[in-house]
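To start, the structure under review is shown below, and the notes come after it.
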Amino acid sequence: MCGIVAYIGPKQAYPIIIKGLKRLEYRGYDSAGVALIDNDDLNIYKTKGKVSDLELATEGKNIEGNLGMGHTRWATHGEPNDRNAHPHLSQSGNLAVIHNGIIENYATIKEALEIRGHTFNSDTDTEVLIHLIEDIQENEQISIDEAVRIALNQVIGAYAIVILVKNEPAKLIAARKGSPLVVGIGQEEGEFFMASDATPIVEYTRDVTYLNDGEIAIVKDGKLSIKTIENIAKTPFIQKLEINLEEIEKGGYPHFMLKEIFEQPKSIHDSIRGRIDSTTGKIAMRSIQEYEDKLRNVKRLILIGCGTSWHAGLVGEYLFEEFARIPVEVEYASEFRYRNPVIFPDDLVIAISQSGETADTLAAIELAKEKGATVFGICNVVGSSIPRFSDAGAYTHAGPEIGVASTKAFTAQVSVLVIMALAVAQIRGTISQERLRLVLSELESIPALVEEALKTDEDIQKLAAIFKDSRNFLYLGRGVNFPVALEGALKLKEISYIHAEGYPAAEMKHGPIALIDEEMPVVVIAPKRGVYEKVMSNIQEVKARKGKIIAIVTQGDTKIRAMADHVIEIPDTDESLTPLLATIPLQLLSYYIAVLRGCNVDQPRNLAKSVTVE
């Protein structure tokens, strides 16, 4: 979950590294540090806090050098402080390392190294790794490259690492297993970049290679080579980055989250573009077409994800059961991998992840494939691990999502799930052509309808001012909008630190109704499609106990407006697509409440964007 960036080449490394760390700060912001080699000097600066704190710490210091690396940390082993910040040094101080991941057997290795005279200056697993590498090198009298390879065969866990060697200032070593790492090939001779993802690289180069698990990249004397930890040479596969620099800038918005909320008409359009045609009823999705026979006879569908992606999976459950008439289970990836699930070879598993690097989801994919199931991936990041490990799948094309609280990724995932559910229904003959064309037509209209929903922005700002000091929120939804209630509650918790819970509206009577009083805001998702009358009854139950109702209703609704304390209108659409509209005002409400409470919207405490460790 930490962010890594490194540079070697003719330019000064420090400005590139600092800019790259700022673009990676969504991956972790507990502490930050840099290591720079200037002639024979290895200079390390690190501090608790954000990259801006690191910049202050380096003022007046020697930040020269054409070789360097930086790190922004989300703490796992060892509390966030100066001594646990990366980079970490080996026993002699000749090697420095930055690391994203967890070395699970670090305690055993540390104990053995301490017996051999090693002393440690931090509480991290990372420092143990660099000590191990140097210990192997010195005892076996081998090169650093070979010592890295041997050490990585001894560790258990996940890692993306970059290593600098003080007495070899023309060398940079990187490796990965379970945590992402991309190598950029610069435009000048001998220029290379390394990073956790492409955002720090895109300004300088479009040519990248993504390391696979168990691969080591070595830049030496201006040349790049790649080998496996089994010492098998690999030829780098160079590909072009698809993202643009403006996609990772705020573009005049005060926060990335608000920018990404307002990008949803485009991100949804890009996710459905070229895949559907309502006039002909045609759906063009290559992964579906290639597995048509499998999908025609699939007996069960398992959707897996974490956080917001799990909520998208819950929406998918309604979609696949409604349209394709397939039994669906939705699983937390973190639980799925540990409970010995029953998986059959004729199951289809759909793994959903924004980053494509979610550790629990990757492990769940591995388990499903071991059991013989077919795995589809739904992911936003081209070249990430989940698309590469899946049998097939689809990209969401939402563009980079920098805000830690996911917004446009959710609606893009739901959009793709709608298309997949309709495509499978068409293959299985469980949907009429008339109904198919109707839903496709409605889906084609969604980007414009989201534009309409975003016009509630000013009204929601006023609403946020009323409820910014509330201590608890309850979110209620029914049917396909129950997952929207869960997602709305999660957004509020994530960025404003207000306790919130999402429930099926009918379940309120089975416990949560005890919490309702005149201080309790209750957000009810109540479009006119579906079980409208039932939701009205649930609203009456809340009002009878003096709860404050904030209702998300269809434009022109008068019945619920007469009951609710506050109403936000969204455009009308097919019931199956209402989550794509109902989630918009909930995102805005969370955002404006968080801003009014003075919270760090883009970097909420204790969270990181890409959860690449357990």
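Residues are referred to by chain and number: the chain letter is A, B, ... according to the order shown in the structure tokens, the number counts from 1 in that chain, and ligands are numbered separately from 1 in the order shown.
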Select from range 400-498 of chain A every residue with an atom at most 12 Å from any atom of range 194-217 of chain A, then for each give the shortest pair of atoms and their distance in Å to one decimal, using only C-alpha atoms, rows by chain and rising number, as CSV.
```
residue,atom,partner,partner_atom,distance
A:Pro400,CA,A:Thr199,CA,8.3
A:Glu401,CA,A:Thr199,CA,10.4
A:Ile402,CA,A:Thr199,CA,9.5
```
Would you save the residues from that selection as an mmCIF file, in the first residue's frame, using all heavy atoms?
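Contents of out-v4.cif, as written:
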```cif
data_model
loop_
_atom_site.group_PDB
_atom_site.id
_atom_site.type_symbol
_atom_site.label_atom_id
_atom_site.label_comp_id
_atom_site.auth_asym_id
_atom_site.auth_seq_id
_atom_site.Cartn_x
_atom_site.Cartn_y
_atom_site.Cartn_z
ATOM 1 N N PRO A 400 -7.598 7.326 -14.183
ATOM 2 C CA PRO A 400 -6.984 7.267 -12.847
ATOM 3 C C PRO A 400 -7.912 7.824 -11.776
ATOM 4 O O PRO A 400 -8.551 8.863 -11.964
ATOM 5 C CB PRO A 400 -5.736 8.148 -12.996
ATOM 6 C CG PRO A 400 -5.446 8.163 -14.448
ATOM 7 C CD PRO A 400 -6.775 8.078 -15.145
ATOM 8 N N GLU A 401 -7.990 7.122 -10.665
ATOM 9 C CA GLU A 401 -8.775 7.583 -9.521
ATOM 10 C C GLU A 401 -7.792 7.822 -8.377
ATOM 11 O O GLU A 401 -7.247 6.885 -7.802
ATOM 12 C CB GLU A 401 -9.839 6.556 -9.133
ATOM 13 C CG GLU A 401 -10.810 7.105 -8.091
ATOM 14 C CD GLU A 401 -11.894 6.095 -7.719
ATOM 15 O OE1 GLU A 401 -11.538 5.012 -7.229
ATOM 16 O OE2 GLU A 401 -13.083 6.393 -7.926
ATOM 17 N N ILE A 402 -7.559 9.088 -8.057
ATOM 18 C CA ILE A 402 -6.552 9.474 -7.080
ATOM 19 C C ILE A 402 -7.135 9.585 -5.677
ATOM 20 O O ILE A 402 -6.483 9.246 -4.691
ATOM 21 C CB ILE A 402 -5.889 10.806 -7.481
ATOM 22 C CG1 ILE A 402 -5.372 10.733 -8.927
ATOM 23 C CG2 ILE A 402 -4.760 11.165 -6.526
ATOM 24 C CD1 ILE A 402 -4.336 9.667 -9.184
#
```
DSSP strand (DSSP E or B) residues within range 174-391 of chain A, listed as a ChimeraX atom specification = /A:174-178,182-185,192-195,207-210,215-220,223-228,233-234,239-240,276-277,282-283,300-305,328-332,347-353,374-379
Distance of CA of Asp145 in chain A from CA of Lys166 in chain A, expressed in Å to one decimal place = 13.8 Å
Would you give me, as a PyMOL selection string, the residues in range 447-544 of chain A that DSSP reads as alpha helix (DSSP H)?
-> chain A and resi 447-454+457-467+482-496+532-543
As a check of understanding: the span from CA of Gly186 in chain A to CA of Glu260 in chain A is 29.4 Å
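Excluding range 360-364 of chain A itself and same-chain residues fewer than 6 positions from it, the residues having an atom within 9 Å of it are A:Gly178, A:Ile304, A:Gly305, A:Cys306, A:Tyr332, A:Ala333, A:Ser334, A:Glu335, A:Phe336, A:Arg337, A:Tyr338, A:Ala351, A:Ile352, A:Ser353, A:Ser385, A:Ile386, A:Phe389, A:Val611, A:Thr612, A:Val613, A:Glu614, counting only C-alpha atoms.
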Any chance you can output those residues with N, CA and C atoms as an mmCIF file, in the first residue's frame?
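Wrote selection_25.cif, looks like this:
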```cif
data_model
loop_
_atom_site.group_PDB
_atom_site.id
_atom_site.type_symbol
_atom_site.label_atom_id
_atom_site.label_comp_id
_atom_site.auth_asym_id
_atom_site.auth_seq_id
_atom_site.Cartn_x
_atom_site.Cartn_y
_atom_site.Cartn_z
ATOM 1 N N GLY A 178 3.638 -9.944 -5.562
ATOM 2 C CA GLY A 178 2.377 -9.608 -4.909
ATOM 3 C C GLY A 178 2.093 -8.134 -4.779
ATOM 4 N N ILE A 304 -16.509 -11.482 -6.232
ATOM 5 C CA ILE A 304 -15.630 -11.212 -5.095
ATOM 6 C C ILE A 304 -15.047 -9.812 -5.221
ATOM 7 N N GLY A 305 -14.862 -9.176 -4.085
ATOM 8 C CA GLY A 305 -14.286 -7.838 -4.053
ATOM 9 C C GLY A 305 -14.111 -7.392 -2.619
ATOM 10 N N CYS A 306 -13.605 -6.201 -2.441
ATOM 11 C CA CYS A 306 -13.406 -5.618 -1.115
ATOM 12 C C CYS A 306 -13.930 -4.181 -1.127
ATOM 13 N N TYR A 332 -16.825 -11.327 0.306
ATOM 14 C CA TYR A 332 -15.639 -10.538 0.627
ATOM 15 C C TYR A 332 -14.420 -11.378 0.258
ATOM 16 N N ALA A 333 -13.534 -10.829 -0.544
ATOM 17 C CA ALA A 333 -12.353 -11.586 -0.954
ATOM 18 C C ALA A 333 -11.526 -12.014 0.253
ATOM 19 N N SER A 334 -11.477 -11.171 1.278
ATOM 20 C CA SER A 334 -10.666 -11.472 2.463
ATOM 21 C C SER A 334 -11.204 -12.664 3.237
ATOM 22 N N GLU A 335 -12.503 -12.889 3.190
ATOM 23 C CA GLU A 335 -13.105 -14.038 3.877
ATOM 24 C C GLU A 335 -13.091 -15.277 2.985
ATOM 25 N N PHE A 336 -13.319 -15.057 1.710
ATOM 26 C CA PHE A 336 -13.399 -16.147 0.739
ATOM 27 C C PHE A 336 -12.153 -17.028 0.775
ATOM 28 N N ARG A 337 -11.003 -16.416 0.883
ATOM 29 C CA ARG A 337 -9.743 -17.148 0.771
ATOM 30 C C ARG A 337 -9.426 -17.983 2.009
ATOM 31 N N TYR A 338 -10.108 -17.708 3.112
ATOM 32 C CA TYR A 338 -9.746 -18.382 4.356
ATOM 33 C C TYR A 338 -10.793 -19.371 4.862
ATOM 34 N N ALA A 351 -13.974 -11.244 -10.339
ATOM 35 C CA ALA A 351 -13.200 -10.491 -9.354
ATOM 36 C C ALA A 351 -13.233 -9.019 -9.725
ATOM 37 N N ILE A 352 -13.605 -8.176 -8.769
ATOM 38 C CA ILE A 352 -13.789 -6.747 -9.024
ATOM 39 C C ILE A 352 -12.771 -5.963 -8.197
ATOM 40 N N SER A 353 -12.038 -5.077 -8.864
ATOM 41 C CA SER A 353 -11.023 -4.280 -8.168
ATOM 42 C C SER A 353 -10.724 -3.038 -8.976
ATOM 43 N N SER A 385 -2.220 -6.590 -11.927
ATOM 44 C CA SER A 385 -2.114 -8.034 -11.710
ATOM 45 C C SER A 385 -3.410 -8.792 -11.971
ATOM 46 N N ILE A 386 -4.540 -8.265 -11.545
ATOM 47 C CA ILE A 386 -5.795 -9.012 -11.673
ATOM 48 C C ILE A 386 -6.148 -9.286 -13.139
ATOM 49 N N PHE A 389 -3.866 -12.123 -14.275
ATOM 50 C CA PHE A 389 -4.078 -13.430 -13.652
ATOM 51 C C PHE A 389 -5.432 -14.031 -13.995
ATOM 52 N N VAL A 611 -4.956 -1.501 -1.613
ATOM 53 C CA VAL A 611 -4.677 -2.353 -0.454
ATOM 54 C C VAL A 611 -3.917 -3.585 -0.941
ATOM 55 N N THR A 612 -2.598 -3.439 -0.995
ATOM 56 C CA THR A 612 -1.756 -4.497 -1.554
ATOM 57 C C THR A 612 -1.165 -5.406 -0.492
ATOM 58 N N VAL A 613 -1.624 -5.254 0.774
ATOM 59 C CA VAL A 613 -1.228 -6.173 1.842
ATOM 60 C C VAL A 613 -2.485 -6.649 2.539
ATOM 61 N N GLU A 614 -2.352 -7.753 3.269
ATOM 62 C CA GLU A 614 -3.505 -8.244 4.020
ATOM 63 C C GLU A 614 -3.785 -7.347 5.216
#
```
Compile a residue-level contact table for range 134-179 of chain A against range 224-244 of chain A at a cut-off of 9 Å, reporting for every qualifying residue the shortest atom pair and its distance in Å to one decimal, with only C-alpha atoms counted, rows ordered by chain and ascending number, as a tab-separated table.
```
residue	atom	partner	partner_atom	distance
A:Glu146	CA	A:Asn231	CA	8.7
A:Val148	CA	A:Ile229	CA	8.6
A:Arg149	CA	A:Ile229	CA	5.1
A:Ile150	CA	A:Ile229	CA	7.3
A:Leu152	CA	A:Ile229	CA	6.9
A:Asn153	CA	A:Ile229	CA	6.7
A:Ala175	CA	A:Ile229	CA	9.0
```
Dump of N, CA, C and O atoms for the selected residues, as a PDB file, in the first residue's frame:
```pdb
ATOM      1  N   GLU A 146      23.040 -11.067  -7.093  1.00  0.00           N
ATOM      2  CA  GLU A 146      22.834 -12.471  -6.735  1.00  0.00           C
ATOM      3  C   GLU A 146      22.358 -12.601  -5.300  1.00  0.00           C
ATOM      4  O   GLU A 146      21.517 -13.455  -4.981  1.00  0.00           O
ATOM      5  N   VAL A 148      20.471 -10.479  -3.719  1.00  0.00           N
ATOM      6  CA  VAL A 148      19.040 -10.133  -3.734  1.00  0.00           C
ATOM      7  C   VAL A 148      18.221 -11.344  -4.165  1.00  0.00           C
ATOM      8  O   VAL A 148      17.204 -11.690  -3.552  1.00  0.00           O
ATOM      9  N   ARG A 149      18.662 -12.000  -5.225  1.00  0.00           N
ATOM     10  CA  ARG A 149      17.925 -13.163  -5.738  1.00  0.00           C
ATOM     11  C   ARG A 149      17.836 -14.263  -4.694  1.00  0.00           C
ATOM     12  O   ARG A 149      16.760 -14.830  -4.462  1.00  0.00           O
ATOM     13  N   ILE A 150      18.938 -14.566  -4.008  1.00  0.00           N
ATOM     14  CA  ILE A 150      18.948 -15.627  -2.988  1.00  0.00           C
ATOM     15  C   ILE A 150      18.069 -15.237  -1.805  1.00  0.00           C
ATOM     16  O   ILE A 150      17.290 -16.051  -1.289  1.00  0.00           O
ATOM     17  N   LEU A 152      15.492 -13.253  -1.721  1.00  0.00           N
ATOM     18  CA  LEU A 152      14.065 -13.273  -2.048  1.00  0.00           C
ATOM     19  C   LEU A 152      13.514 -14.695  -2.119  1.00  0.00           C
ATOM     20  O   LEU A 152      12.299 -14.892  -1.981  1.00  0.00           O
ATOM     21  N   ASN A 153      14.369 -15.650  -2.307  1.00  0.00           N
ATOM     22  CA  ASN A 153      13.937 -17.046  -2.231  1.00  0.00           C
ATOM     23  C   ASN A 153      13.737 -17.512  -0.796  1.00  0.00           C
ATOM     24  O   ASN A 153      13.149 -18.566  -0.561  1.00  0.00           O
ATOM     25  N   ALA A 175      12.497  -5.459  -7.490  1.00  0.00           N
ATOM     26  CA  ALA A 175      11.881  -6.783  -7.571  1.00  0.00           C
ATOM     27  C   ALA A 175      10.455  -6.701  -7.059  1.00  0.00           C
ATOM     28  O   ALA A 175      10.107  -5.787  -6.302  1.00  0.00           O
TER      29      ALA A 175
END
```
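Checking A:Leu113, A:Gln354, A:Asp123, A:Cys599 one by one against Ile136 in chain A, counting only C-alpha atoms, you find the shortest gap at A:Leu113.
Nearest residue to Tyr159 in chain A among A:Leu314, A:Ala398, A:Ile103, A:Ile109 is A:Ile103, counting only C-alpha atoms.
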Report as a tab-separated table: every residue of range 297-351 of chain A with an atom at most 9 Å from range 563-577 of chain A, its closest pair of atoms, and their distance in Å to one decimal, counting only C-alpha atoms, with rows sorted by chain and ascending residue number.
```
residue	atom	partner	partner_atom	distance
A:Val315	CA	A:Ser576	CA	8.7
A:Tyr318	CA	A:Ser576	CA	8.0
A:Leu319	CA	A:Ser576	CA	6.8
A:Glu322	CA	A:Ser576	CA	8.7
```
Which residue, A:Gln540, A:Thr72, A:Asn100, A:Gln91, has the smallest gap to Val162 in chain A when you use only C-alpha atoms?
-> A:Asn100
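Neighbours of Val523 in chain A closer than or equal to 6 Å, with only C-alpha atoms counted and sequence neighbours fewer than 5 positions away skipped, come out as A:Tyr475, A:Ile550, A:Ala551.
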Might you pull out every residue within 12 Å of Ile427 in chain A, with only C-alpha atoms counted and same-chain residues fewer than 4 positions away left off, and present them as a ChimeraX atom specification?
-> /A:282-283,288-298,323-325,420-423,431-433,436
Within 9 Å of Ala373 in chain A, counting only C-alpha atoms, which residues show up once you throw out same-chain ones fewer than 6 positions away? Write them as a JSON list (two decimals) with C-alpha atoms, in the first residue's frame, please.
```
[["chain", "number", "residue", "atom", "x", "y", "z"],
["A", 343, "ILE", "CA", -15.99, -24.09, -5.69],
["A", 344, "PHE", "CA", -16.85, -26.18, -8.74],
["A", 345, "PRO", "CA", -15.14, -26.23, -12.15],
["A", 346, "ASP", "CA", -18.32, -24.97, -13.81],
["A", 347, "ASP", "CA", -18.48, -21.89, -11.53],
["A", 348, "LEU", "CA", -17.70, -18.46, -12.92],
["A", 349, "VAL", "CA", -15.86, -16.15, -10.52]]
```
Counting only C-alpha atoms, the residue among A:Ile8, A:Val128, A:Ala412, A:Val595 that lies closest to Thr308 in chain A is A:Ala412
Identify, on the basis of only C-alpha atoms, every residue whose closest approach to Ile98 in chain A does not exceed 6 Å; exclude the query and any residue fewer than 4 positions from it along the same chain; express the result as a PyMOL selection string.
-> chain A and resi 86-87+161-162
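In this structure, CA of Asn62 in chain A sits 19.2 Å away from CA of Ala85 in chain A.
The nearest approach to Asn94 in chain A among the residues A:Pro169, A:Gly78, A:Gly530, A:Gly60, with only C-alpha atoms taken into account, belongs to A:Pro169.
In this comparison, which uses only C-alpha atoms, the residue of A:Thr578, A:Gln141, A:Phe262, A:Pro180 approaching Thr358 in chain A most closely is A:Pro180.
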